[in-house]
Every structure is written in structure tokens, then in C-alpha cells.
Amino acid sequence: MNLASRSLYRAALLVALSMVALTAGCHHKPPPPPPPPPVQAPAPARPTVTLQASPSSINKGESATLSWNSTDATELSIAPDVGAVTAQGSTKVTPSDSMTYTITATGPGGSASATATVTVNAPPPPPPPKGPSDDELFLREVRDAYFDYDKADIRPDARAALSQTADFLKRHTSIKATIEGHCDERGSTEYNLALGDRRATAVKQYLVSLGVSADRLSTVSFGKEKPFCNESNESCWQQNRRGHFLKAN
């Protein structure tokens, strides 16, 4: 074989090999695509919860209403005293003292809490004990002046009684008094009216001498017309011979 024939042979062989390679390449299958990544489930939502008290301020012994609402919770409880509750609702509470209530909500996404305070107002202090009225004090502390038969002179025992009366009137300057002149049953009506007037006037003058303002004292005579005792003996007559005090309106 000459050189030309060898060259032609080689060329034909290369062409044949190329065709074989090309044919083999056309029938090669591509590799399969990679599988898609797995779809991840979303994270569970965190619970939410609210709590309110109405009214938020009560007096001792009254009740308030707790109201709540929640989302994404599987368990809820309110402390203190209430315990487990549903996802939303309300309940009455009657705390004896101011109290803060806490609701706790738990679920797959975690937990959440909220609070509400119920203030229990302190009871008002009791009123101070009521003291005696002016009328009661007048009856308790004002003393009448007694007189001897057919006399209008202030006796020693009457001075002591009128001193106590004057002290009371000077402590209670808004109080005015009427002094009644009284007599026993002996003697005429006219005479006893005049005697009663002298006795009432003598009592007033003595009180004025002790510092009681004269414009706070008025006088009137009843003579023997309004006796305190109706028996006809000295013990009873002595009770009727007096300068008697009434609180003036």
C-alpha cells in the first residue's frame, strides 16, 4: 500500500469513529433533576390574651366582673381563686381586699399573660360619737334658784346653783335663756305674780353680775299658776318657790 492509500484509509477510519461516537452520544439519557426541598410547616402562632375588670373599683362586699379573650391558646387559667377558663368569657369576683388578677394563656406557640386590678375601697371611718345636744346639756347643767317664803333674796345655795348656770351660759354663748319666777300657793294671784317677777329679776341680775350678757336673759312671772308640786306642805311649797330656767329658741 502506497502513502496516498494509507492517508485515505486513516481519514475514512476517523470519519467512521466520529460517526460512531456521535451516534452513541445521541442515545445517552440526561441524569434526572434533583428532588424539590421538603415544604416546612409554618411555626405555630404565639397566643394572645386580654383581661379587663369592670368596675375596677368597688366597695367592700361588692362584686366586679372579669372579662377575657384569647387566640391560639389551648389552656387558660386565672389566678388567684378563679382557675381554668375557656378561650373567652367572664366571671364575677368579690375580693375582700384590693387584688390583681393574672390570666395565663398557653399553646403550641408559647404563652402570654395579662393582668387586671380590682381596688377595694377602704370603708369610711365611723362617725365620731355624737355628743349631747344643747338641749340635753342645758337640762343637765343649768340649775334653778330656790327662795325662802315671801322672799326674793338669793340664798347661799342659790348662789352656788347660779354660779354653775353662769359657767354653762358663758361656755355656750349662742344659748339664750328665759327665767321664770314661781311662787307657792299661799297669797293672792296678784301678789304672787309680783313676787315671781321680783324673783326672776333677782336671778337675772345675779347672772349678769357673774358675767352673763343681759341680752341673753329674759324674765317672766307665773306666780302660783304653774306649780311644780301640788301638795299643801312645806316640802312641796319649797319646790314651787324658784327661779326656773328654760332654753329660749
# chains A, B, ... in the order shown; residues from 1 in each chain; ligands from 1
>>> residues_around(residues="Asp81 (chain A)", least_positions_apart="3", cutoff="9 Å", atoms="only C-alpha atoms", output="JSON list (two decimals) with N, CA and C atoms, in the first residue's frame")
[["chain", "number", "residue", "atom", "x", "y", "z"],
["A", 78, "ILE", "N", -56.90, 31.66, 85.40],
["A", 78, "ILE", "CA", -56.85, 32.97, 86.06],
["A", 78, "ILE", "C", -56.54, 32.74, 87.52],
["A", 93, "VAL", "N", -66.15, 38.26, 90.60],
["A", 93, "VAL", "CA", -65.26, 38.06, 91.74],
["A", 93, "VAL", "C", -65.65, 39.05, 92.83],
["A", 101, "TYR", "N", -55.56, 40.31, 89.38],
["A", 101, "TYR", "CA", -55.81, 39.01, 88.77],
["A", 101, "TYR", "C", -54.93, 38.86, 87.52]]
>>> atom_distance(atom1="CA of Gly89 (chain A)", atom2="CA of Ala122 (chain A)")
29.2 Å
>>> residues_around(residues="Ser70 (chain A)", least_positions_apart="4", cutoff="7 Å", atoms="only C-alpha atoms", output="ChimeraX atom specification")
/A:48-50,87-88
>>> select_by_dssp(residues="region 143-221 of chain A", states="alpha helix (DSSP H)", output="PyMOL selection string")
chain A and resi 156-171+189-209
>>> write_last_selection(atoms="C-alpha atoms", output="PDB file, in the first residue's frame")
ATOM      1  CA  PRO A 156     -76.303  80.803 149.541  1.00  0.00           C
ATOM      2  CA  ASP A 157     -77.468  77.549 147.944  1.00  0.00           C
ATOM      3  CA  ALA A 158     -78.980  79.579 145.073  1.00  0.00           C
ATOM      4  CA  ARG A 159     -75.636  81.366 144.562  1.00  0.00           C
ATOM      5  CA  ALA A 160     -73.881  78.009 144.094  1.00  0.00           C
ATOM      6  CA  ALA A 161     -76.566  76.840 141.649  1.00  0.00           C
ATOM      7  CA  LEU A 162     -76.482  80.088 139.675  1.00  0.00           C
ATOM      8  CA  SER A 163     -72.666  80.035 139.507  1.00  0.00           C
ATOM      9  CA  GLN A 164     -72.888  76.671 137.724  1.00  0.00           C
ATOM     10  CA  THR A 165     -75.593  78.054 135.428  1.00  0.00           C
ATOM     11  CA  ALA A 166     -73.471  81.118 134.644  1.00  0.00           C
ATOM     12  CA  ASP A 167     -70.458  78.933 133.783  1.00  0.00           C
ATOM     13  CA  PHE A 168     -72.564  76.956 131.341  1.00  0.00           C
ATOM     14  CA  LEU A 169     -74.015  80.045 129.676  1.00  0.00           C
ATOM     15  CA  LYS A 170     -70.560  81.622 129.331  1.00  0.00           C
ATOM     16  CA  ARG A 171     -69.251  78.451 127.645  1.00  0.00           C
ATOM     17  CA  THR A 189    -102.692  85.703 142.450  1.00  0.00           C
ATOM     18  CA  GLU A 190    -101.706  89.340 142.003  1.00  0.00           C
ATOM     19  CA  TYR A 191     -99.251  89.314 144.900  1.00  0.00           C
ATOM     20  CA  ASN A 192     -97.584  86.142 143.694  1.00  0.00           C
ATOM     21  CA  LEU A 193     -97.262  87.450 140.143  1.00  0.00           C
ATOM     22  CA  ALA A 194     -95.371  90.446 141.502  1.00  0.00           C
ATOM     23  CA  LEU A 195     -93.274  88.235 143.807  1.00  0.00           C
ATOM     24  CA  GLY A 196     -92.485  85.891 140.931  1.00  0.00           C
ATOM     25  CA  ASP A 197     -91.357  88.850 138.844  1.00  0.00           C
ATOM     26  CA  ARG A 198     -89.012  90.023 141.635  1.00  0.00           C
ATOM     27  CA  ARG A 199     -87.526  86.535 141.913  1.00  0.00           C
ATOM     28  CA  ALA A 200     -86.940  86.226 138.150  1.00  0.00           C
ATOM     29  CA  THR A 201     -85.360  89.675 138.078  1.00  0.00           C
ATOM     30  CA  ALA A 202     -83.104  88.854 141.054  1.00  0.00           C
ATOM     31  CA  VAL A 203     -81.854  85.705 139.276  1.00  0.00           C
ATOM     32  CA  LYS A 204     -81.143  87.629 136.091  1.00  0.00           C
ATOM     33  CA  GLN A 205     -79.222  90.349 137.914  1.00  0.00           C
ATOM     34  CA  TYR A 206     -77.119  87.784 139.730  1.00  0.00           C
ATOM     35  CA  LEU A 207     -76.202  86.043 136.474  1.00  0.00           C
ATOM     36  CA  VAL A 208     -75.288  89.386 134.904  1.00  0.00           C
ATOM     37  CA  SER A 209     -73.029  90.076 137.892  1.00  0.00           C
TER      38      SER A 209
END
>>> residues_around(residues="Ser113 (chain A)", least_positions_apart="5", cutoff="12 Å", atoms="only C-alpha atoms", output="ChimeraX atom specification")
/A:46-51,68-71,73,75-79,101-107
